[in-house]
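A.B. asks: This one is my_file-v5.txt, compact mmCIF, C-alpha atoms and all ligand atoms.
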```
# COMPACT_ATOMS: atom_id res chain seq x y z
CA MET A 28 0.00 0.00 0.00
CA SER A 29 1.42 3.36 -0.92
CA GLY A 30 1.00 6.77 0.68
CA THR A 31 -2.03 7.20 2.90
CA ALA A 32 -4.63 5.54 0.65
CA ILE A 33 -6.97 3.11 2.34
CA ASP A 34 -6.46 -0.49 1.34
CA HIS A 35 -10.14 -1.33 0.74
CA ARG A 36 -9.31 -4.88 -0.24
CA ALA A 37 -7.70 -5.56 3.14
CA VAL A 38 -10.66 -4.07 4.97
CA ALA A 39 -13.12 -6.08 2.88
CA ASP A 40 -11.15 -9.25 3.61
CA ALA A 41 -11.30 -8.75 7.37
CA PRO A 42 -13.23 -11.52 9.14
CA ASP A 43 -16.99 -11.05 9.21
CA ALA A 44 -18.54 -10.38 12.59
CA GLY A 45 -21.59 -12.13 11.20
CA GLY A 46 -23.97 -9.59 12.63
CA ALA A 47 -24.24 -6.31 14.41
CA GLY A 48 -21.35 -4.25 15.66
CA ARG A 49 -18.99 -4.41 12.72
CA ALA A 50 -18.27 -0.74 13.24
CA LEU A 51 -17.26 -0.98 16.90
CA TRP A 52 -13.56 -0.21 17.21
CA SER A 53 -12.52 -1.99 20.39
CA SER A 54 -9.93 -0.74 22.86
CA GLN A 55 -6.44 -2.26 22.78
CA ALA A 56 -7.52 -4.74 20.11
CA SER A 57 -6.24 -6.16 16.87
CA MET A 58 -9.50 -5.57 15.00
CA ALA A 59 -9.11 -8.35 12.48
CA ASP A 60 -8.70 -10.80 15.36
CA VAL A 61 -11.70 -9.68 17.41
CA LEU A 62 -14.25 -8.99 14.67
CA ASP A 63 -15.66 -12.52 14.56
CA ASP A 64 -14.55 -13.47 18.03
CA ARG A 65 -16.26 -11.09 20.39
CA VAL A 66 -17.51 -11.99 23.83
CA VAL A 67 -20.72 -10.04 24.20
CA ILE A 68 -21.89 -9.62 27.77
CA GLU A 69 -25.65 -9.28 27.96
CA ARG A 70 -26.49 -8.95 31.65
CA GLY A 71 -25.08 -9.21 35.12
CA GLU A 72 -26.17 -10.09 38.62
CA GLY A 73 -23.91 -10.00 41.66
CA ALA A 74 -20.51 -11.44 40.82
CA HIS A 75 -21.74 -13.10 37.61
CA VAL A 76 -22.43 -12.02 34.05
CA TRP A 77 -24.10 -13.82 31.16
CA ASP A 78 -22.79 -13.73 27.62
CA ALA A 79 -24.75 -13.78 24.38
CA GLN A 80 -24.54 -17.57 24.27
CA GLY A 81 -26.21 -17.74 27.67
CA ARG A 82 -23.07 -18.81 29.51
CA ARG A 83 -23.02 -17.81 33.21
CA LEU A 84 -19.56 -16.49 34.03
CA LEU A 85 -17.93 -15.52 37.31
CA ASP A 86 -16.59 -12.01 36.70
CA VAL A 87 -13.13 -12.72 38.10
CA GLY A 88 -11.79 -9.27 37.16
CA SER A 89 -14.87 -7.18 38.05
CA GLY A 90 -14.87 -6.01 34.43
CA LEU A 91 -11.82 -3.79 34.35
CA TRP A 92 -11.66 -3.61 38.17
CA PHE A 93 -14.74 -1.45 38.37
CA CYS A 94 -17.72 -3.52 39.42
CA ASN A 95 -16.92 -3.58 43.11
CA VAL A 96 -20.49 -3.73 44.47
CA GLY A 97 -21.48 -6.35 41.89
CA HIS A 98 -23.74 -6.24 38.85
CA GLY A 99 -27.44 -5.55 38.58
CA ARG A 100 -27.94 -3.21 41.54
CA ARG A 101 -31.41 -1.73 41.17
CA GLU A 102 -30.59 0.97 43.71
CA LEU A 103 -27.90 2.47 41.49
CA ALA A 104 -30.15 2.35 38.44
CA ASP A 105 -32.90 4.06 40.42
CA ALA A 106 -30.50 6.80 41.52
CA ALA A 107 -29.55 7.43 37.89
CA HIS A 108 -33.19 7.42 36.80
CA ALA A 109 -34.31 9.83 39.50
CA GLN A 110 -31.47 12.27 38.81
CA MET A 111 -31.86 12.12 35.04
CA ALA A 112 -35.58 12.73 35.27
CA ARG A 113 -34.93 15.79 37.42
CA LEU A 114 -31.81 17.15 35.73
CA ALA A 115 -29.43 14.91 33.75
CA THR A 116 -26.59 17.26 34.45
CA TYR A 117 -25.41 20.79 34.51
CA HIS A 118 -21.81 21.79 33.98
CA THR A 119 -19.47 23.09 36.65
CA PHE A 120 -17.54 25.72 34.69
CA GLY A 121 -17.10 29.00 36.52
CA ARG A 122 -19.80 29.65 39.09
CA MET A 123 -22.14 26.92 37.77
CA ALA A 124 -22.74 23.82 39.84
CA ASN A 125 -25.22 21.05 40.44
CA ARG A 126 -26.26 19.58 43.77
CA PRO A 127 -25.03 15.97 43.38
CA ALA A 128 -21.55 17.26 42.43
CA LEU A 129 -21.40 19.64 45.40
CA GLU A 130 -22.52 16.97 47.83
CA LEU A 131 -20.29 14.25 46.40
CA ALA A 132 -17.25 16.53 46.55
CA ASP A 133 -17.86 17.12 50.25
CA ARG A 134 -18.41 13.43 50.85
CA LEU A 135 -15.19 12.50 49.05
CA ALA A 136 -13.23 15.20 50.86
CA ALA A 137 -14.32 13.66 54.15
CA LEU A 138 -13.30 10.15 53.02
CA ALA A 139 -10.08 11.07 51.20
CA PRO A 140 -6.73 9.82 52.49
CA LEU A 141 -5.43 13.38 52.61
CA PRO A 142 -6.67 16.15 54.89
CA GLU A 143 -8.69 19.13 53.65
CA ALA A 144 -8.96 17.65 50.17
CA LYS A 145 -10.45 19.52 47.25
CA VAL A 146 -12.11 17.50 44.52
CA PHE A 147 -11.82 18.02 40.76
CA PHE A 148 -14.19 15.67 38.92
CA THR A 149 -13.33 13.95 35.66
CA SER A 150 -14.96 11.35 33.42
CA GLY A 151 -12.57 8.50 34.22
CA GLY A 152 -9.08 7.44 35.18
CA SER A 153 -7.21 8.74 32.13
CA ASP A 154 -8.85 12.11 32.62
CA SER A 155 -7.79 12.06 36.26
CA ALA A 156 -4.17 11.33 35.33
CA ASP A 157 -4.03 14.11 32.75
CA THR A 158 -5.75 16.56 35.06
CA ALA A 159 -3.32 15.80 37.89
CA ALA A 160 -0.29 16.00 35.60
CA LYS A 161 -1.30 19.48 34.46
CA LEU A 162 -2.14 20.50 38.01
CA VAL A 163 1.21 19.53 39.53
CA ARG A 164 3.07 21.43 36.82
CA ARG A 165 0.91 24.50 37.38
CA PHE A 166 1.45 24.17 41.12
CA TRP A 167 5.21 24.53 40.72
CA VAL A 168 4.78 27.50 38.39
CA GLU A 169 2.75 29.14 41.14
CA GLN A 170 5.53 28.33 43.60
CA GLY A 171 7.96 30.24 41.41
CA ARG A 172 9.69 27.00 40.39
CA PRO A 173 8.62 26.44 36.79
CA GLU A 174 11.65 24.25 36.17
CA LYS A 175 9.97 21.50 38.22
CA ARG A 176 8.09 19.89 35.33
CA THR A 177 9.30 16.31 35.02
CA ILE A 178 6.86 13.59 36.06
CA VAL A 179 8.37 10.31 37.18
CA THR A 180 6.61 6.95 36.92
CA ARG A 181 7.57 3.34 37.40
CA GLU A 182 8.26 0.63 34.87
CA GLY A 183 5.05 -1.36 34.62
CA GLY A 184 3.00 1.63 35.75
CA TYR A 185 -0.29 2.46 34.03
CA HIS A 186 -2.01 5.81 34.26
CA GLY A 187 -4.49 5.65 31.42
CA LEU A 188 -4.01 6.33 27.76
CA HIS A 189 -4.69 10.02 27.20
CA ALA A 190 -1.72 12.15 26.19
CA TYR A 191 -0.13 12.35 29.62
CA GLY A 192 -1.01 8.76 30.48
CA THR A 193 0.60 7.59 27.24
CA SER A 194 3.74 9.53 28.06
CA LEU A 195 3.82 8.33 31.64
CA ALA A 196 3.25 4.71 30.69
CA GLY A 197 5.66 2.20 32.11
CA ILE A 198 4.35 -0.40 29.69
CA GLU A 199 6.43 0.10 26.58
CA ALA A 200 3.82 -1.03 24.03
CA ASN A 201 1.52 1.77 25.17
CA ARG A 202 4.14 4.45 24.52
CA GLU A 203 5.43 3.57 21.10
CA GLY A 204 4.46 5.25 17.87
CA TYR A 205 3.06 8.53 19.05
CA GLY A 206 5.97 10.83 18.49
CA SER A 207 9.25 11.22 20.27
CA ASP A 208 10.18 9.14 23.31
CA SER A 209 7.54 10.95 25.33
CA LEU A 210 4.44 12.36 23.63
CA VAL A 211 4.29 14.98 26.38
CA PRO A 212 7.83 16.13 27.13
CA GLU A 213 9.61 15.86 30.45
CA THR A 214 8.72 12.48 31.82
CA ALA A 215 11.03 9.84 33.28
CA ARG A 216 10.78 6.25 34.45
CA VAL A 217 12.44 4.34 37.24
CA ALA A 218 12.55 0.63 38.10
CA ALA A 219 9.27 -0.78 39.40
CA ASP A 220 10.08 -1.55 42.99
CA ASP A 221 13.60 -0.40 43.60
CA ALA A 222 13.79 2.77 45.69
CA ALA A 223 17.49 3.10 44.85
CA SER A 224 16.56 3.73 41.23
CA LEU A 225 14.32 6.64 42.23
CA ALA A 226 16.95 7.91 44.68
CA ALA A 227 19.56 7.97 41.92
CA LEU A 228 17.28 9.92 39.59
CA LEU A 229 16.26 12.45 42.22
CA GLU A 230 19.87 12.91 43.34
CA VAL A 231 20.75 14.19 39.88
CA ARG A 232 17.47 15.70 38.65
CA GLY A 233 15.33 16.25 41.77
CA GLY A 234 15.31 19.98 41.14
CA GLU A 235 13.40 19.51 37.90
CA VAL A 236 10.96 16.86 39.11
CA ALA A 237 7.39 17.96 39.76
CA ALA A 238 5.92 14.70 40.99
CA VAL A 239 6.16 10.95 41.25
CA PHE A 240 3.02 9.16 40.03
CA LEU A 241 2.55 5.62 41.26
CA GLU A 242 0.03 2.87 41.83
CA ALA A 243 0.56 1.48 45.33
CA VAL A 244 -0.11 -1.95 43.85
CA ILE A 245 0.72 -2.07 40.15
CA GLY A 246 -2.41 -3.21 38.30
CA THR A 247 -2.30 -3.51 34.52
CA GLY A 248 1.47 -3.96 34.74
CA GLY A 249 0.95 -7.39 36.30
CA PHE A 250 -0.51 -7.07 39.83
CA VAL A 251 2.70 -6.28 41.63
CA PRO A 252 2.32 -5.58 45.36
CA PRO A 253 4.95 -3.25 46.79
CA PRO A 254 7.92 -4.94 48.46
CA ASP A 255 8.21 -4.25 52.19
CA GLY A 256 9.52 -0.76 52.85
CA TYR A 257 9.39 0.36 49.22
CA LEU A 258 6.50 2.81 49.50
CA ASP A 259 7.89 4.27 52.74
CA ALA A 260 11.17 4.86 50.96
CA VAL A 261 9.43 6.57 48.02
CA GLN A 262 7.51 8.78 50.40
CA ALA A 263 10.71 9.77 52.21
CA LEU A 264 12.53 10.49 48.94
CA CYS A 265 9.70 12.68 47.72
CA ARG A 266 9.81 14.65 50.97
CA ALA A 267 13.59 14.98 50.90
CA HIS A 268 13.61 16.33 47.33
CA ASP A 269 10.40 18.38 47.63
CA VAL A 270 8.69 16.30 44.97
CA LEU A 271 4.92 15.78 45.04
CA LEU A 272 3.56 12.26 45.52
CA VAL A 273 0.56 11.43 43.34
CA VAL A 274 -1.00 8.07 44.18
CA ASP A 275 -3.05 6.58 41.35
CA GLU A 276 -5.91 4.82 43.11
CA VAL A 277 -8.02 4.35 39.99
CA ILE A 278 -8.08 0.60 40.74
CA THR A 279 -7.39 0.58 44.46
CA GLY A 280 -9.69 3.44 45.48
CA PHE A 281 -12.93 2.58 47.32
CA GLY A 282 -11.92 -0.64 48.90
CA ARG A 283 -10.12 -2.98 46.50
CA THR A 284 -7.18 -3.49 48.90
CA GLY A 285 -9.37 -3.99 51.95
CA ALA A 286 -8.97 -0.38 53.05
CA LEU A 287 -11.01 2.43 51.55
CA PHE A 288 -7.77 3.64 49.93
CA ALA A 289 -4.45 1.87 49.38
CA SER A 290 -2.80 5.05 50.64
CA THR A 291 -4.30 4.27 54.05
CA ARG A 292 -3.40 0.60 53.93
CA PHE A 293 0.22 1.45 53.14
CA ALA A 294 0.38 4.52 55.42
CA LEU A 295 1.13 6.90 52.57
CA ASP A 296 0.71 10.63 52.87
CA PRO A 297 0.02 11.65 49.26
CA ASP A 298 -0.30 15.16 47.88
CA VAL A 299 -2.80 14.12 45.22
CA VAL A 300 -4.90 10.97 44.73
CA LEU A 301 -6.51 9.80 41.50
CA VAL A 302 -9.76 7.85 41.58
CA ALA A 303 -12.36 6.59 39.12
CA LYS A 304 -13.69 3.06 38.59
CA GLY A 305 -14.82 1.98 42.07
CA MET A 306 -16.37 5.37 42.79
CA THR A 307 -19.44 4.32 40.80
CA SER A 308 -18.60 0.61 40.45
CA GLY A 309 -18.76 1.33 36.73
CA TYR A 310 -22.48 2.16 36.74
CA ALA A 311 -21.57 5.60 35.35
CA PRO A 312 -18.31 7.00 34.00
CA LEU A 313 -16.80 9.22 36.66
CA GLY A 314 -13.36 10.00 38.04
CA ALA A 315 -11.85 12.55 40.36
CA VAL A 316 -8.60 14.13 41.43
CA LEU A 317 -8.41 14.50 45.20
CA VAL A 318 -6.07 17.38 45.88
CA GLY A 319 -4.33 17.95 49.20
CA ALA A 320 -4.14 21.31 50.95
CA ARG A 321 -0.64 22.20 49.80
CA VAL A 322 -1.31 21.73 46.09
CA ALA A 323 -4.75 23.33 46.25
CA ALA A 324 -3.60 26.40 48.18
CA PRO A 325 -2.44 28.67 45.31
CA PHE A 326 -5.70 28.06 43.48
CA TRP A 327 -7.99 28.47 46.50
CA ARG A 328 -6.45 31.36 48.42
CA ALA A 329 -8.74 34.32 49.01
CA HIS A 330 -6.36 36.90 47.62
CA GLU A 331 -5.52 36.74 43.89
CA PRO A 332 -5.89 32.99 43.48
CA ALA A 333 -4.35 31.38 40.43
CA VAL A 334 -6.84 29.88 37.99
CA PHE A 335 -6.37 26.25 36.98
CA ARG A 336 -7.14 26.60 33.28
CA HIS A 337 -8.62 23.18 32.88
CA GLY A 338 -12.14 21.82 32.60
CA LEU A 339 -14.32 19.08 31.20
CA THR A 340 -17.91 19.37 30.07
CA TYR A 341 -18.83 16.40 32.23
CA SER A 342 -16.74 17.33 35.27
CA GLY A 343 -19.21 16.73 38.08
CA HIS A 344 -21.84 15.14 35.83
CA ALA A 345 -24.95 15.18 38.01
CA THR A 346 -26.24 11.73 37.11
CA ALA A 347 -22.81 10.14 37.50
CA CYS A 348 -22.41 11.86 40.89
CA ALA A 349 -25.86 10.64 42.00
CA VAL A 350 -24.82 7.11 41.06
CA ALA A 351 -21.57 7.52 43.01
CA HIS A 352 -23.58 8.53 46.09
CA ALA A 353 -25.74 5.42 45.77
CA ASN A 354 -22.63 3.26 45.26
CA LEU A 355 -20.96 4.67 48.38
CA ASP A 356 -24.21 4.09 50.29
CA VAL A 357 -24.07 0.41 49.32
CA LEU A 358 -20.37 0.12 50.21
CA GLU A 359 -21.02 1.61 53.63
CA ARG A 360 -24.33 -0.09 54.44
CA GLU A 361 -23.11 -3.56 53.47
CA ARG A 362 -19.65 -2.97 54.98
CA LEU A 363 -18.11 -4.24 51.77
CA VAL A 364 -14.62 -2.81 52.34
CA GLU A 365 -14.52 -4.59 55.69
CA ARG A 366 -15.70 -7.73 53.89
CA VAL A 367 -12.75 -7.53 51.49
CA ALA A 368 -10.31 -7.13 54.39
CA ALA A 369 -11.88 -10.03 56.27
CA ARG A 370 -11.89 -12.32 53.21
CA GLU A 371 -8.34 -11.59 51.98
CA PRO A 372 -6.96 -14.67 53.80
CA GLU A 373 -9.72 -16.78 52.24
CA LEU A 374 -8.70 -15.62 48.76
CA ALA A 375 -5.07 -16.41 49.61
CA ARG A 376 -6.05 -19.94 50.74
CA SER A 377 -8.12 -20.43 47.61
CA LEU A 378 -5.25 -19.40 45.32
CA ALA A 379 -2.85 -21.67 47.20
CA ALA A 380 -4.47 -24.44 45.12
CA LEU A 381 -2.26 -23.17 42.29
CA ASP A 382 0.98 -23.67 44.20
CA GLY A 383 3.40 -25.85 42.31
CA HIS A 384 1.34 -25.96 39.12
CA PRO A 385 3.77 -26.38 36.24
CA LEU A 386 2.23 -23.55 34.23
CA VAL A 387 2.25 -21.07 37.12
CA ALA A 388 5.32 -18.93 37.70
CA GLU A 389 3.98 -17.01 40.67
CA VAL A 390 0.83 -15.99 42.51
CA ARG A 391 1.05 -12.27 43.34
CA GLY A 392 -0.91 -11.00 46.29
CA PRO A 393 -3.64 -10.99 47.25
CA VAL A 394 -3.75 -7.49 48.60
CA GLY A 395 -7.41 -7.34 49.58
CA PHE A 396 -9.22 -8.59 46.50
CA MET A 397 -6.35 -7.84 44.16
CA ALA A 398 -4.20 -10.74 43.02
CA GLY A 399 -2.47 -11.98 39.89
CA VAL A 400 -1.60 -15.45 38.68
CA ARG A 401 1.49 -15.08 36.51
CA LEU A 402 1.90 -17.94 34.10
CA ARG A 403 5.25 -18.96 32.70
CA ASP A 404 4.19 -18.07 29.22
CA VAL A 405 2.26 -15.07 27.88
CA ALA A 406 0.53 -17.07 25.14
CA THR A 407 -0.63 -19.63 27.70
CA ALA A 408 -2.25 -16.87 29.74
CA GLU A 409 -4.19 -15.76 26.68
CA ARG A 410 -5.26 -19.35 26.05
CA ALA A 411 -6.28 -19.73 29.69
CA ALA A 412 -8.42 -16.59 29.57
CA ARG A 413 -10.13 -17.92 26.46
CA ALA A 414 -10.66 -21.40 27.93
CA GLY A 415 -12.11 -19.82 31.06
CA LEU A 416 -15.32 -19.20 29.15
CA ASP A 417 -15.91 -22.95 29.08
CA HIS A 418 -15.20 -23.20 32.80
CA GLY A 419 -17.62 -20.47 33.84
CA LEU A 420 -14.79 -18.01 34.50
CA LEU A 421 -14.45 -14.61 32.83
CA LEU A 422 -10.72 -13.92 32.98
CA ARG A 423 -8.37 -11.32 31.59
CA ALA A 424 -4.64 -11.60 31.02
CA VAL A 425 -2.55 -8.47 31.57
CA THR A 426 1.13 -7.67 31.18
CA GLY A 427 3.57 -10.54 31.41
CA GLY A 428 0.98 -13.30 31.12
CA THR A 429 -0.73 -12.50 34.41
CA LEU A 430 -4.35 -13.48 35.00
CA GLY A 431 -6.09 -10.91 37.16
CA VAL A 432 -8.01 -12.16 40.18
CA CYS A 433 -9.93 -9.13 41.37
CA PRO A 434 -13.52 -10.24 41.99
CA PRO A 435 -16.45 -8.08 43.01
CA PHE A 436 -16.52 -7.43 46.75
CA THR A 437 -19.78 -9.35 46.91
CA ILE A 438 -18.43 -12.64 45.53
CA GLY A 439 -20.07 -15.51 47.37
CA ASP A 440 -18.05 -17.44 49.94
CA GLU A 441 -18.32 -20.68 47.99
CA ASP A 442 -17.10 -19.02 44.78
CA LEU A 443 -14.22 -17.48 46.70
CA ARG A 444 -13.27 -20.78 48.32
CA THR A 445 -13.34 -22.77 45.08
CA LEU A 446 -11.87 -20.17 42.71
CA GLY A 447 -8.28 -21.40 43.04
CA ALA A 448 -9.29 -25.00 42.42
CA ARG A 449 -11.34 -23.98 39.38
CA LEU A 450 -8.37 -22.08 37.99
CA ARG A 451 -6.20 -25.13 38.59
CA ALA A 452 -8.66 -27.37 36.74
CA LEU A 453 -8.67 -24.89 33.88
CA LEU A 454 -4.87 -24.93 33.69
CA ASP A 455 -4.81 -28.72 33.94
CA GLY A 456 -7.03 -28.79 30.86
CA LEU A 457 -4.54 -26.63 29.00
CA ASP A 458 -1.69 -28.83 30.14
CA ASP A 459 -3.38 -31.83 28.60
CA ALA A 460 -4.08 -30.00 25.36
N1 LIG B 1 -4.91 4.50 36.24
C1 LIG B 1 -4.93 3.20 36.54
C2 LIG B 1 -4.12 2.70 37.67
C3 LIG B 1 -5.73 2.31 35.80
O1 LIG B 1 -5.73 1.01 36.07
C4 LIG B 1 -6.51 2.84 34.74
C5 LIG B 1 -7.35 1.93 33.93
O2 LIG B 1 -7.31 0.74 34.02
C6 LIG B 1 -6.44 4.20 34.46
C7 LIG B 1 -5.63 5.02 35.23
C8 LIG B 1 -7.23 4.78 33.32
O3 LIG B 1 -8.58 4.76 33.61
P1 LIG B 1 -9.67 4.88 32.43
O4 LIG B 1 -9.54 3.65 31.61
O5 LIG B 1 -10.97 5.00 33.19
O6 LIG B 1 -9.39 6.12 31.65
```
Could you spell out this file's structure in structure tokens?
Ligand code: PLP

C.D. replies:
Amino acid sequence: MSGTAIDHRAVADAPDAGGAGRALWSSQASMADVLDDRVVIERGEGAHVWDAQGRRLLDVGSGLWFCNVGHGRRELADAAHAQMARLATYHTFGRMANRPALELADRLAALAPLPEAKVFFTSGGSDSADTAAKLVRRFWVEQGRPEKRTIVTREGGYHGLHAYGTSLAGIEANREGYGSDSLVPETARVAADDAASLAALLEVRGGEVAAVFLEAVIGTGGFVPPPDGYLDAVQALCRAHDVLLVVDEVITGFGRTGALFASTRFALDPDVVLVAKGMTSGYAPLGAVLVGARVAAPFWRAHEPAVFRHGLTYSGHATACAVAHANLDVLERERLVERVAAREPELARSLAALDGHPLVAEVRGPVGFMAGVRLRDVATAERAARAGLDHGLLLRAVTGGTLGVCPPFTIGDEDLRTLGARLRALLDGLDDA
């Protein structure tokens, strides 16, 4: 094919989906491979979903780590219906506001793992990462230190796929092909769980570093819990070099690690926290940046405050905020975060069934309901995820051939107890193949 002309023949030859949805461009997908091979999820109830073929599947990954309170909650649908019927949304630019956004911001500020938090709403995790990246750079400009622009992330880190997220990505495949080394300039990466690597970078370049962004437990990068002492060391290094600490809790926020926030579980004292998924359990797209007092101060002071020139039409979307309220009500009323903490040892016991399996390299975690089963071979992990559909398990393989085990907080005790054995049976089947 020459120039930029479309190769119509190649498009026409692509596999036929055999029905509706031929136009849907899927995320992170090789389209020719998925067109006639989609898994269409039709409905959900509790920790299970049903696909178009009527198969009942345990949602082992809670979708993409969002469906914490489980599927099919009428209460959340009712909250959305009531708010939409009254006022679907109104924007929050300038002096405009809507009541669910105002009330949710106060509620989040009270729950946040940083005192006196201010809340900037977004439409999801990538939005939150980009918003925070702009904010920390603006913060240093307001401090009279505009040279502090570099944002440091870890290898294996994932902060969404907008422009900043792409540039901050620690997963190489997500960075390539969008321009120079970093689509947004002035980013840097350090080793995943080696504080010495961060120390070495800050020793030389600390004066130009605005912030370190990190997931307390790496998610997409392969479910990597922090080694003992690592996060404490990062916190201390940030303090010593006057670098902001931004904790990406898009997965961990709202209970996944058995504490409302991973920052609390790991005794971190972040300057900024990113949230999304679990805030609504995926019933509506919503994210937020929780901003600590220091970073907020220049933008909130009474006298000549700086203006954060940033905004999203759906920042504080009223219906999404109403859904978030209902979701938090469920979390609190059913004590689901406490349930995750109490059941973590049960998940660990369940996954112990995989110990010594020839295809398994390592079981990572669990930290709360966040674990990964790393297989020895990436292709095997893909095959296992596919075979799961015939074993009643909806699985997803992430970086390095790791199967995510991050069930809804409401997973039944029997499903939790038998999950490891079911995974083992699934892998045994592959072994025989
Ligand atoms: N940050 C982390 C840690 C994530 O896991 C994700 C998504 O998986 C994101 C950011 C991006 O969130 P979204 O896909 O909602 O834009």

A.B. asks: Could you state the separation of CA of Asp296 in chain A and CA of Gly395 in chain A in Å, given to one decimal place?

C.D. replies: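 Pair CA of Asp296 in chain A / CA of Gly395 in chain A returns 20.0 Å.
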
A.B. asks: Give me, as a ChimeraX atom specification, the set of residues whose atoms come within 6 Å of any atom of ligand LIG 1 (chain B), counting all atoms listed in the file.

C.D. replies: /A:151-153,185-187,242,246-247,275,277-278

A.B. asks: Which polymer residues have any atom within 8 Å of an atom of range 97-102 of chain A, counting all atoms listed in the file, with same-chain residues fewer than 6 positions away left out, as an NGL selection string?

C.D. replies: :A and (70-76 or 89 or 308 or 353 or 435-438)

A.B. asks: Find the residues around Phe166 in chain A up to 12 Å (only C-alpha atoms counted), leave out those fewer than 6 positions away in its own chain, and share them as a list in words.

C.D. replies: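 The neighbour list is Ala159, Ala160, Arg172, Pro173, Glu174, Lys175, Arg176, Ala237, Ala238, Val270, Leu271, Asp298, Val299, Val318, Gly319, Ala320, Arg321, Val322, Ala323, Ala324, Pro325, Phe326, Trp327, Pro332, Ala333, Val334, Phe335 and Arg336 of chain A.
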
A.B. asks: Taking (3.9, -16.2, 45.6) as a centre in this file's frame and 10 Å as the limit, can you find every polymer residue with an atom that close, using only C-alpha atoms, and give them as a PyMOL selection string?

C.D. replies: chain A and resi 375+378-379+381-382+387-393+399-401

A.B. asks: Report, in Å with one decimal, the straight-line distance from CA of Ala380 in chain A to CA of Asp78 in chain A.

C.D. replies: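 Here the two named atoms are 27.5 Å from each other.
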